[in-house]
Amino acid sequence: MALSVPGYSPNFKKPPETLRLRRKRVRSRGAAASPGEQPEPAPAPRRAALAAGLLLRPFPAAAAGRGGGGPAATRRNPFARLDNRPPAAAEPPDGQPRGPQEAEGPFLDSNQENDLLWEEKFPERTTVAELLQTPQVSFSESDTPFSESTELPVDWSIKTRLLFTSSQPFTWADHLKAQEEAQGVIQHCRATEVTLPQSIQDPKVSTELRCAFQQSLIYWLHPAFPWLPLFPRIGADRKMAGKISPWANDETLQHVLMSDWSVSFTSLYNLLKTKLCPYFYVCTYQFTILFRAAGLAGNDVITALISPTTRGIREAMKNEGIEFSLPLIKENSHEKKAPGTSLGQGEEQVISDEDEDESFSWLEEMGVQDKIKKPDVLSIKLCKEKHEVQMDHRPESVVLVKGTNTLTLLNFLINSKSLIASSGPQAGLPPTLLSPVAFRGATMQMLKARSVNVKTQAISGYKDQFSLEITGPVMPHCLHSVTMLLQSAQKGSFSAGLYTHEPTAVFNACPSVKEGPGKETVREELANCGLHRKTLDQLSRTPILGKSSLRHVEMSDYVYNWRS
């Protein structure tokens, strides 16, 4: 509730008017005051406001320029942030109580905490030079500690950016020759397996290394529009706003795009089913789906993970007869068996009636069943389904579909109208298909790579710090391939910051599965999927990262230290 103070009126003033008033007040005080005079008392309205306990912004400090002949204090920008009060002064030595103007420390501390949270929430705003200036990477308390191993754990999330740093230069990754670029493309299309030595003496002149690096940056995409960023799709409305979308109001064009997308989607699934494609992603404006071939992630059947989901999506899948499970939700009662099971409507009604009778049987025993109003059936149903609604759009809402149900999921997605946005910048645009191998209607794309050299401060002066930045949809096979190349090119010493597309981090959650197929079996069955043998071995392992993903990787003497 605002206090009514005589003579104090917090009228709105435009920023230029506020600045003019402050400058005029400072000049008039500086001309009238002499070094020996006491500071002019505050105006009557200001004294009245302070007496009422209102926190007011102090006048610009000009005392340093008026007394002692010292340099005048630099005028602070009042629009630097919302709460631009100066830091709190130290406690007076004589123990005098602090005035209303001086009780400003807690507000400043809260703003500093908000700034830190903002910086942690948007790490990709930092530049390469800023990241290189800080040799240590800070992590929250929830992050897992460093783990040491000769191999990285499998990470099924999609990375949006990789930043590698090393004391060895990355000049070998720049300015590929036309022949090297063409050779890298041919090696990717023919799935040529390249094996490099443990250490390369001069990486800049190693044609084999440069071609393999070009090969590892290639991925396949559908649809492809050069003027539109098609990954990520979740939360991409701002990036797509203002872009040309000729299909937004053209239903005929939308039908053609969706028909073409359905053909590409079916082609990818057939490649996955015949084990010629190891995995692929379907990225919609609401959720992301990861399809994995049998033999990967410790599963002996085709699997599909959907995240995040809502109760509406799960109910629609249930109505289509798609059996699924929620791997992060413990199914400890028959109530949680409803999503993803084949209970009939009559069985569910019987269960709910039995629950209702048991819930109010104690009222009959006490003889007060007629005096207390029972809740209606709708209220009971909403109470039971409350936990399902609460986990919507959260990592716990991830859905797992296995075996032949993935084919039913394919048909459901093709015929679902909720797969495409009906309004906004993404209206009428089919989902994005990402794959490590070619498929019908796909377009070959290349991740962007650039190297940067900066000077970092050391104890004895400055030293050279080299970095390699890769941006784009970095899929699991690409991350493993690039780290294998850097292991040879950087002599087993480098570090990396990994930036994850957060909705896909939960794909590392591992449901309880039986003993999966052996390594040799997976190698034999997926020998023609287009991946390196070591990459295939890694992807066949059971994920151990849970709901998190790799955030920081460091290699020293050919041994990995990683943190999630």
# chains A, B, ... in the order shown; residues from 1 in each chain; ligands from 1
call {"tool": "residues_around", "arguments": {"residues": "region 480-490 of chain A", "least_positions_apart": "5", "cutoff": "6 Å", "atoms": "only C-alpha atoms", "output": "list in words"}}
result
Gln168, Gln198, Ser199, Ile200 and Pro203 of chain A
call {"tool": "write_last_selection", "arguments": {"atoms": "N, CA, C and O atoms", "output": "tab-separated table (two decimals), in the first residue's frame"}}
result
chain	number	residue	atom	x	y	z
A	168	GLN	N	47.68	-27.01	-28.35
A	168	GLN	CA	48.14	-27.25	-29.72
A	168	GLN	C	47.19	-26.56	-30.70
A	168	GLN	O	45.97	-26.54	-30.49
A	198	GLN	N	47.75	-43.05	-33.23
A	198	GLN	CA	47.45	-42.45	-31.93
A	198	GLN	C	47.89	-41.00	-31.86
A	198	GLN	O	47.23	-40.17	-31.22
A	199	SER	N	48.98	-40.65	-32.52
A	199	SER	CA	49.48	-39.28	-32.51
A	199	SER	C	50.00	-38.93	-33.90
A	199	SER	O	50.74	-39.71	-34.51
A	200	ILE	N	49.58	-37.76	-34.40
A	200	ILE	CA	50.03	-37.26	-35.71
A	200	ILE	C	51.05	-36.16	-35.47
A	200	ILE	O	50.76	-35.17	-34.77
A	203	PRO	N	49.80	-32.30	-37.94
A	203	PRO	CA	48.40	-32.44	-38.40
A	203	PRO	C	48.06	-31.54	-39.58
A	203	PRO	O	47.19	-31.87	-40.38
call {"tool": "closest_atom_pairs", "arguments": {"of": "region 383-485 of chain A", "to": "region 289-307 of chain A", "cutoff": "12 Å", "atoms": "only C-alpha atoms", "output": "tab-separated table"}}
result
residue	atom	partner	partner_atom	distance
A:Met391	CA	A:Ser307	CA	11.4
A:Asp392	CA	A:Ser307	CA	9.8
A:His393	CA	A:Ser307	CA	7.9
A:Arg394	CA	A:Ser307	CA	8.2
A:Pro395	CA	A:Ser307	CA	7.0
A:Glu396	CA	A:Ser307	CA	8.7
A:Ser397	CA	A:Ser307	CA	6.7
A:Val398	CA	A:Ser307	CA	4.6
A:Val399	CA	A:Ile306	CA	5.1
A:Leu400	CA	A:Leu305	CA	4.8
A:Val401	CA	A:Ala304	CA	5.1
A:Lys402	CA	A:Thr303	CA	4.5
A:Gly403	CA	A:Ile302	CA	5.2
A:Thr404	CA	A:Ile302	CA	7.9
A:Asn405	CA	A:Thr303	CA	8.9
A:Thr406	CA	A:Ala304	CA	6.6
A:Leu407	CA	A:Ile302	CA	9.5
A:Thr408	CA	A:Ala304	CA	11.4
A:Leu409	CA	A:Ala304	CA	8.8
A:Leu410	CA	A:Ala304	CA	10.0
A:Leu413	CA	A:Ile289	CA	10.5
A:Leu419	CA	A:Ile289	CA	11.6
A:Pro431	CA	A:Ile289	CA	10.4
A:Thr432	CA	A:Ile289	CA	10.4
A:Leu433	CA	A:Ile289	CA	9.7
A:Leu434	CA	A:Leu290	CA	9.7
A:Ser435	CA	A:Phe291	CA	10.1
A:Pro436	CA	A:Arg292	CA	11.9
A:Met475	CA	A:Leu290	CA	11.0
A:Pro476	CA	A:Leu290	CA	11.5
call {"tool": "closest_residue", "arguments": {"among": "A:Pro153, A:Pro503, A:Pro517, A:Gly184", "to": "Met446 (chain A)", "atoms": "only C-alpha atoms"}}
result
A:Gly184
call {"tool": "select_by_dssp", "arguments": {"residues": "region 201-308 of chain A", "states": "helix (DSSP H, G or I)", "output": "ChimeraX atom specification"}}
result
/A:203-205,207-216,237-240,251-273,296-298
call {"tool": "write_last_selection", "arguments": {"atoms": "C-alpha atoms", "output": "PDB file, in the first residue's frame"}}
result
ATOM      1  CA  PRO A 203      48.403 -32.436 -38.401  1.00  0.00           C
ATOM      2  CA  LYS A 204      48.394 -29.446 -40.776  1.00  0.00           C
ATOM      3  CA  VAL A 205      49.839 -31.483 -43.653  1.00  0.00           C
ATOM      4  CA  THR A 207      45.430 -35.034 -45.763  1.00  0.00           C
ATOM      5  CA  GLU A 208      43.919 -38.124 -44.179  1.00  0.00           C
ATOM      6  CA  LEU A 209      43.064 -36.182 -41.009  1.00  0.00           C
ATOM      7  CA  ARG A 210      41.556 -33.232 -42.855  1.00  0.00           C
ATOM      8  CA  CYS A 211      39.387 -35.481 -45.051  1.00  0.00           C
ATOM      9  CA  ALA A 212      38.195 -37.435 -42.007  1.00  0.00           C
ATOM     10  CA  PHE A 213      37.278 -34.168 -40.275  1.00  0.00           C
ATOM     11  CA  GLN A 214      35.225 -33.111 -43.289  1.00  0.00           C
ATOM     12  CA  GLN A 215      33.551 -36.531 -43.273  1.00  0.00           C
ATOM     13  CA  SER A 216      32.547 -36.228 -39.594  1.00  0.00           C
ATOM     14  CA  ASP A 237       9.431 -18.923 -32.981  1.00  0.00           C
ATOM     15  CA  ARG A 238      11.514 -15.826 -32.290  1.00  0.00           C
ATOM     16  CA  LYS A 239      14.248 -16.891 -34.723  1.00  0.00           C
ATOM     17  CA  MET A 240      11.688 -17.716 -37.405  1.00  0.00           C
ATOM     18  CA  GLU A 251      -3.330 -25.281 -47.759  1.00  0.00           C
ATOM     19  CA  THR A 252      -2.379 -26.866 -51.072  1.00  0.00           C
ATOM     20  CA  LEU A 253       1.306 -26.175 -50.474  1.00  0.00           C
ATOM     21  CA  GLN A 254       1.020 -27.448 -46.898  1.00  0.00           C
ATOM     22  CA  HIS A 255      -0.490 -30.695 -48.200  1.00  0.00           C
ATOM     23  CA  VAL A 256       2.376 -31.127 -50.695  1.00  0.00           C
ATOM     24  CA  LEU A 257       5.013 -30.491 -48.026  1.00  0.00           C
ATOM     25  CA  MET A 258       3.390 -32.927 -45.612  1.00  0.00           C
ATOM     26  CA  SER A 259       3.029 -35.609 -48.296  1.00  0.00           C
ATOM     27  CA  ASP A 260       6.720 -35.265 -49.182  1.00  0.00           C
ATOM     28  CA  TRP A 261       7.644 -35.363 -45.487  1.00  0.00           C
ATOM     29  CA  SER A 262       5.633 -38.556 -44.960  1.00  0.00           C
ATOM     30  CA  VAL A 263       7.587 -40.274 -47.733  1.00  0.00           C
ATOM     31  CA  SER A 264      10.909 -39.219 -46.167  1.00  0.00           C
ATOM     32  CA  PHE A 265       9.789 -40.288 -42.691  1.00  0.00           C
ATOM     33  CA  THR A 266       8.690 -43.712 -43.936  1.00  0.00           C
ATOM     34  CA  SER A 267      11.975 -44.107 -45.830  1.00  0.00           C
ATOM     35  CA  LEU A 268      13.958 -43.397 -42.652  1.00  0.00           C
ATOM     36  CA  TYR A 269      11.942 -45.897 -40.633  1.00  0.00           C
ATOM     37  CA  ASN A 270      12.453 -48.599 -43.274  1.00  0.00           C
ATOM     38  CA  LEU A 271      16.208 -47.954 -43.193  1.00  0.00           C
ATOM     39  CA  LEU A 272      16.112 -48.235 -39.408  1.00  0.00           C
ATOM     40  CA  LYS A 273      14.118 -51.444 -39.538  1.00  0.00           C
ATOM     41  CA  LEU A 296      21.651 -49.821 -29.665  1.00  0.00           C
ATOM     42  CA  ALA A 297      21.501 -48.576 -26.056  1.00  0.00           C
ATOM     43  CA  GLY A 298      21.249 -52.166 -24.791  1.00  0.00           C
TER      44      GLY A 298
END
call {"tool": "residues_around", "arguments": {"residues": "region 459-468 of chain A", "least_positions_apart": "2", "cutoff": "9 Å", "atoms": "only C-alpha atoms", "output": "list in words"}}
result
Val128, Leu132, Leu162, Leu163, Phe164, Thr165, Ser166, Ser167, Gln168, Pro169, Phe170, Ala173, Ala449, Arg450, Ser451, Val452, Asn453, Val454, Lys455, Thr456, Gln457 and Ile470 of chain A
call {"tool": "atom_distance", "arguments": {"atom1": "CA of Arg161 (chain A)", "atom2": "CA of Leu447 (chain A)"}}
result
9.8 Å
call {"tool": "closest_residue", "arguments": {"among": "A:Pro229, A:Asp250, A:Ser245, A:Ala438", "to": "Gly530 (chain A)", "atoms": "only C-alpha atoms"}}
result
A:Ala438
call {"tool": "select_by_dssp", "arguments": {"residues": "region 146-226 of chain A", "states": "strand (DSSP E or B)", "output": "list in words"}}
result
Ser147, Glu148, Ser149, Lys159, Thr160, Arg161, Leu162, Leu163, Phe164, Thr165, Ser166, Ile218, Tyr219, Trp220, Leu221 and His222 of chain A
call {"tool": "residues_around", "arguments": {"residues": "Ala427 (chain A)", "least_positions_apart": "2", "cutoff": "10 Å", "atoms": "only C-alpha atoms", "output": "PDB file with N, CA, C and O atoms, in the first residue's frame"}}
result
ATOM      1  N   ASP A 237      10.334 -19.885 -32.340  1.00  0.00           N
ATOM      2  CA  ASP A 237       9.431 -18.923 -32.981  1.00  0.00           C
ATOM      3  C   ASP A 237      10.082 -17.566 -33.163  1.00  0.00           C
ATOM      4  O   ASP A 237       9.880 -16.893 -34.175  1.00  0.00           O
ATOM      5  N   SER A 245       7.409 -17.378 -45.293  1.00  0.00           N
ATOM      6  CA  SER A 245       6.767 -18.693 -45.193  1.00  0.00           C
ATOM      7  C   SER A 245       5.619 -18.762 -46.192  1.00  0.00           C
ATOM      8  O   SER A 245       4.460 -18.497 -45.843  1.00  0.00           O
ATOM      9  N   TRP A 247       4.012 -21.132 -47.337  1.00  0.00           N
ATOM     10  CA  TRP A 247       3.029 -22.181 -47.086  1.00  0.00           C
ATOM     11  C   TRP A 247       2.088 -21.835 -45.927  1.00  0.00           C
ATOM     12  O   TRP A 247       1.164 -22.587 -45.644  1.00  0.00           O
ATOM     13  N   ALA A 248       2.325 -20.716 -45.243  1.00  0.00           N
ATOM     14  CA  ALA A 248       1.563 -20.401 -44.028  1.00  0.00           C
ATOM     15  C   ALA A 248       0.060 -20.316 -44.315  1.00  0.00           C
ATOM     16  O   ALA A 248      -0.751 -20.817 -43.537  1.00  0.00           O
ATOM     17  N   ASN A 249      -0.315 -19.706 -45.435  1.00  0.00           N
ATOM     18  CA  ASN A 249      -1.735 -19.522 -45.758  1.00  0.00           C
ATOM     19  C   ASN A 249      -2.156 -20.268 -47.017  1.00  0.00           C
ATOM     20  O   ASN A 249      -3.204 -19.970 -47.589  1.00  0.00           O
ATOM     21  N   GLN A 254       0.829 -26.711 -48.146  1.00  0.00           N
ATOM     22  CA  GLN A 254       1.020 -27.448 -46.898  1.00  0.00           C
ATOM     23  C   GLN A 254       0.798 -28.946 -47.119  1.00  0.00           C
ATOM     24  O   GLN A 254       1.542 -29.775 -46.579  1.00  0.00           O
ATOM     25  N   TYR A 285       7.629 -28.787 -33.163  1.00  0.00           N
ATOM     26  CA  TYR A 285       7.609 -27.551 -32.392  1.00  0.00           C
ATOM     27  C   TYR A 285       7.215 -27.792 -30.933  1.00  0.00           C
ATOM     28  O   TYR A 285       7.346 -26.883 -30.101  1.00  0.00           O
ATOM     29  N   ILE A 420       1.931 -30.460 -36.511  1.00  0.00           N
ATOM     30  CA  ILE A 420       2.298 -29.216 -37.193  1.00  0.00           C
ATOM     31  C   ILE A 420       1.576 -28.066 -36.508  1.00  0.00           C
ATOM     32  O   ILE A 420       0.386 -28.167 -36.170  1.00  0.00           O
ATOM     33  N   ALA A 421       2.280 -26.975 -36.311  1.00  0.00           N
ATOM     34  CA  ALA A 421       1.693 -25.795 -35.685  1.00  0.00           C
ATOM     35  C   ALA A 421       0.624 -25.203 -36.602  1.00  0.00           C
ATOM     36  O   ALA A 421       0.806 -25.127 -37.818  1.00  0.00           O
ATOM     37  N   SER A 422      -0.486 -24.795 -36.014  1.00  0.00           N
ATOM     38  CA  SER A 422      -1.570 -24.200 -36.792  1.00  0.00           C
ATOM     39  C   SER A 422      -1.460 -22.685 -36.880  1.00  0.00           C
ATOM     40  O   SER A 422      -2.153 -22.075 -37.690  1.00  0.00           O
ATOM     41  N   SER A 423      -0.619 -22.092 -36.051  1.00  0.00           N
ATOM     42  CA  SER A 423      -0.439 -20.649 -36.084  1.00  0.00           C
ATOM     43  C   SER A 423       0.986 -20.322 -35.659  1.00  0.00           C
ATOM     44  O   SER A 423       1.705 -21.181 -35.134  1.00  0.00           O
ATOM     45  N   GLY A 424       1.370 -19.072 -35.892  1.00  0.00           N
ATOM     46  CA  GLY A 424       2.710 -18.653 -35.523  1.00  0.00           C
ATOM     47  C   GLY A 424       3.696 -18.796 -36.663  1.00  0.00           C
ATOM     48  O   GLY A 424       3.342 -19.214 -37.779  1.00  0.00           O
ATOM     49  N   PRO A 425       4.964 -18.494 -36.424  1.00  0.00           N
ATOM     50  CA  PRO A 425       5.987 -18.572 -37.489  1.00  0.00           C
ATOM     51  C   PRO A 425       6.194 -19.971 -38.036  1.00  0.00           C
ATOM     52  O   PRO A 425       6.648 -20.124 -39.168  1.00  0.00           O
ATOM     53  N   LEU A 429       4.627 -25.860 -41.253  1.00  0.00           N
ATOM     54  CA  LEU A 429       5.963 -26.383 -41.539  1.00  0.00           C
ATOM     55  C   LEU A 429       6.109 -27.777 -40.950  1.00  0.00           C
ATOM     56  O   LEU A 429       5.941 -27.968 -39.739  1.00  0.00           O
ATOM     57  N   PRO A 430       6.428 -28.796 -41.758  1.00  0.00           N
ATOM     58  CA  PRO A 430       6.576 -30.159 -41.234  1.00  0.00           C
ATOM     59  C   PRO A 430       7.738 -30.262 -40.257  1.00  0.00           C
ATOM     60  O   PRO A 430       8.645 -29.418 -40.260  1.00  0.00           O
TER      61      PRO A 430
END
call {"tool": "residues_around", "arguments": {"residues": "Thr504 (chain A)", "least_positions_apart": "2", "cutoff": "10 Å", "atoms": "only C-alpha atoms", "output": "list in words"}}
result
Asp155, Trp156, Ser157, Ile158, Lys159, Tyr281, Phe287, Thr288, Ile289, Leu290, Leu305, Ile306, Ser307, Pro308, Pro395, Val398, Thr500, His501, Glu502, Val506, Phe507, Asn508, Lys547, Ser548 and Ser549 of chain A
call {"tool": "write_last_selection", "arguments": {"atoms": "N, CA, C and O atoms", "output": "mmCIF file, in the first residue's frame"}}
result
data_model
loop_
_atom_site.group_PDB
_atom_site.id
_atom_site.type_symbol
_atom_site.label_atom_id
_atom_site.label_comp_id
_atom_site.auth_asym_id
_atom_site.auth_seq_id
_atom_site.Cartn_x
_atom_site.Cartn_y
_atom_site.Cartn_z
ATOM 1 N N ASP A 155 26.161 -40.475 -25.152
ATOM 2 C CA ASP A 155 25.297 -39.328 -24.888
ATOM 3 C C ASP A 155 24.338 -39.193 -26.064
ATOM 4 O O ASP A 155 24.746 -38.824 -27.183
ATOM 5 N N TRP A 156 23.040 -39.467 -25.837
ATOM 6 C CA TRP A 156 22.042 -39.457 -26.898
ATOM 7 C C TRP A 156 21.397 -38.096 -27.100
ATOM 8 O O TRP A 156 20.475 -37.969 -27.907
ATOM 9 N N SER A 157 21.835 -37.092 -26.383
ATOM 10 C CA SER A 157 21.280 -35.756 -26.582
ATOM 11 C C SER A 157 21.906 -35.102 -27.818
ATOM 12 O O SER A 157 22.985 -35.499 -28.263
ATOM 13 N N ILE A 158 21.215 -34.097 -28.346
ATOM 14 C CA ILE A 158 21.734 -33.328 -29.479
ATOM 15 C C ILE A 158 22.439 -32.096 -28.937
ATOM 16 O O ILE A 158 21.884 -31.366 -28.107
ATOM 17 N N LYS A 159 23.649 -31.868 -29.371
ATOM 18 C CA LYS A 159 24.409 -30.690 -28.972
ATOM 19 C C LYS A 159 24.206 -29.577 -30.001
ATOM 20 O O LYS A 159 24.143 -29.833 -31.208
ATOM 21 N N TYR A 281 16.290 -38.552 -35.617
ATOM 22 C CA TYR A 281 15.494 -37.679 -34.766
ATOM 23 C C TYR A 281 14.358 -37.059 -35.568
ATOM 24 O O TYR A 281 14.529 -36.731 -36.747
ATOM 25 N N PHE A 287 7.745 -31.344 -29.295
ATOM 26 C CA PHE A 287 8.539 -32.409 -28.699
ATOM 27 C C PHE A 287 9.528 -32.938 -29.725
ATOM 28 O O PHE A 287 9.476 -32.601 -30.915
ATOM 29 N N THR A 288 10.454 -33.770 -29.235
ATOM 30 C CA THR A 288 11.477 -34.398 -30.068
ATOM 31 C C THR A 288 11.401 -35.910 -29.868
ATOM 32 O O THR A 288 11.201 -36.380 -28.742
ATOM 33 N N ILE A 289 11.579 -36.658 -30.961
ATOM 34 C CA ILE A 289 11.510 -38.121 -30.912
ATOM 35 C C ILE A 289 12.843 -38.695 -31.377
ATOM 36 O O ILE A 289 13.395 -38.257 -32.397
ATOM 37 N N LEU A 290 13.359 -39.659 -30.643
ATOM 38 C CA LEU A 290 14.570 -40.375 -31.018
ATOM 39 C C LEU A 290 14.206 -41.822 -31.340
ATOM 40 O O LEU A 290 13.741 -42.559 -30.465
ATOM 41 N N LEU A 305 11.934 -42.802 -28.173
ATOM 42 C CA LEU A 305 11.778 -41.971 -26.989
ATOM 43 C C LEU A 305 11.178 -40.627 -27.404
ATOM 44 O O LEU A 305 11.653 -40.004 -28.364
ATOM 45 N N ILE A 306 10.160 -40.170 -26.683
ATOM 46 C CA ILE A 306 9.481 -38.904 -26.988
ATOM 47 C C ILE A 306 9.590 -38.001 -25.768
ATOM 48 O O ILE A 306 9.225 -38.405 -24.658
ATOM 49 N N SER A 307 10.081 -36.787 -25.972
ATOM 50 C CA SER A 307 10.216 -35.843 -24.863
ATOM 51 C C SER A 307 10.191 -34.413 -25.390
ATOM 52 O O SER A 307 10.786 -34.133 -26.431
ATOM 53 N N PRO A 308 9.542 -33.473 -24.665
ATOM 54 C CA PRO A 308 8.630 -33.726 -23.553
ATOM 55 C C PRO A 308 7.234 -34.031 -24.083
ATOM 56 O O PRO A 308 6.922 -33.714 -25.232
ATOM 57 N N PRO A 395 11.060 -33.363 -17.771
ATOM 58 C CA PRO A 395 11.820 -34.560 -18.196
ATOM 59 C C PRO A 395 11.139 -35.861 -17.806
ATOM 60 O O PRO A 395 11.267 -36.867 -18.518
ATOM 61 N N VAL A 398 8.945 -38.155 -20.294
ATOM 62 C CA VAL A 398 9.488 -38.880 -21.443
ATOM 63 C C VAL A 398 8.770 -40.214 -21.595
ATOM 64 O O VAL A 398 8.474 -40.911 -20.628
ATOM 65 N N THR A 500 24.057 -28.439 -24.727
ATOM 66 C CA THR A 500 23.026 -29.425 -25.042
ATOM 67 C C THR A 500 21.704 -28.757 -25.367
ATOM 68 O O THR A 500 21.338 -27.758 -24.748
ATOM 69 N N HIS A 501 20.996 -29.311 -26.334
ATOM 70 C CA HIS A 501 19.598 -28.953 -26.555
ATOM 71 C C HIS A 501 18.802 -29.637 -25.451
ATOM 72 O O HIS A 501 18.570 -30.851 -25.485
ATOM 73 N N GLU A 502 18.396 -28.868 -24.443
ATOM 74 C CA GLU A 502 17.910 -29.418 -23.179
ATOM 75 C C GLU A 502 16.760 -30.425 -23.307
ATOM 76 O O GLU A 502 16.725 -31.399 -22.567
ATOM 77 N N VAL A 506 17.143 -35.853 -21.670
ATOM 78 C CA VAL A 506 16.504 -36.984 -21.002
ATOM 79 C C VAL A 506 16.586 -38.263 -21.823
ATOM 80 O O VAL A 506 16.260 -39.351 -21.321
ATOM 81 N N PHE A 507 17.038 -38.197 -23.070
ATOM 82 C CA PHE A 507 17.182 -39.405 -23.883
ATOM 83 C C PHE A 507 18.251 -40.344 -23.332
ATOM 84 O O PHE A 507 18.366 -41.482 -23.788
ATOM 85 N N ASN A 508 19.051 -39.862 -22.371
ATOM 86 C CA ASN A 508 20.057 -40.723 -21.752
ATOM 87 C C ASN A 508 19.494 -41.558 -20.616
ATOM 88 O O ASN A 508 20.226 -42.334 -20.006
ATOM 89 N N LYS A 547 19.100 -38.478 -16.535
ATOM 90 C CA LYS A 547 18.414 -37.321 -17.124
ATOM 91 C C LYS A 547 19.380 -36.216 -17.536
ATOM 92 O O LYS A 547 18.958 -35.214 -18.093
ATOM 93 N N SER A 548 20.661 -36.365 -17.255
ATOM 94 C CA SER A 548 21.642 -35.336 -17.585
ATOM 95 C C SER A 548 22.380 -35.703 -18.866
ATOM 96 O O SER A 548 22.109 -36.738 -19.487
ATOM 97 N N SER A 549 23.316 -34.844 -19.263
ATOM 98 C CA SER A 549 24.107 -35.071 -20.474
ATOM 99 C C SER A 549 25.513 -34.543 -20.236
ATOM 100 O O SER A 549 25.778 -33.846 -19.246
#
call {"tool": "atom_distance", "arguments": {"atom1": "CA of Ala236 (chain A)", "atom2": "CA of Cys283 (chain A)"}}
result
11.4 Å
call {"tool": "atom_distance", "arguments": {"atom1": "CA of Asp174 (chain A)", "atom2": "CA of Met444 (chain A)"}}
result
20.4 Å
call {"tool": "closest_residue", "arguments": {"among": "A:Leu196, A:Leu526, A:Ala182, A:Ala505", "to": "Leu550 (chain A)", "atoms": "only C-alpha atoms"}}
result
A:Ala505
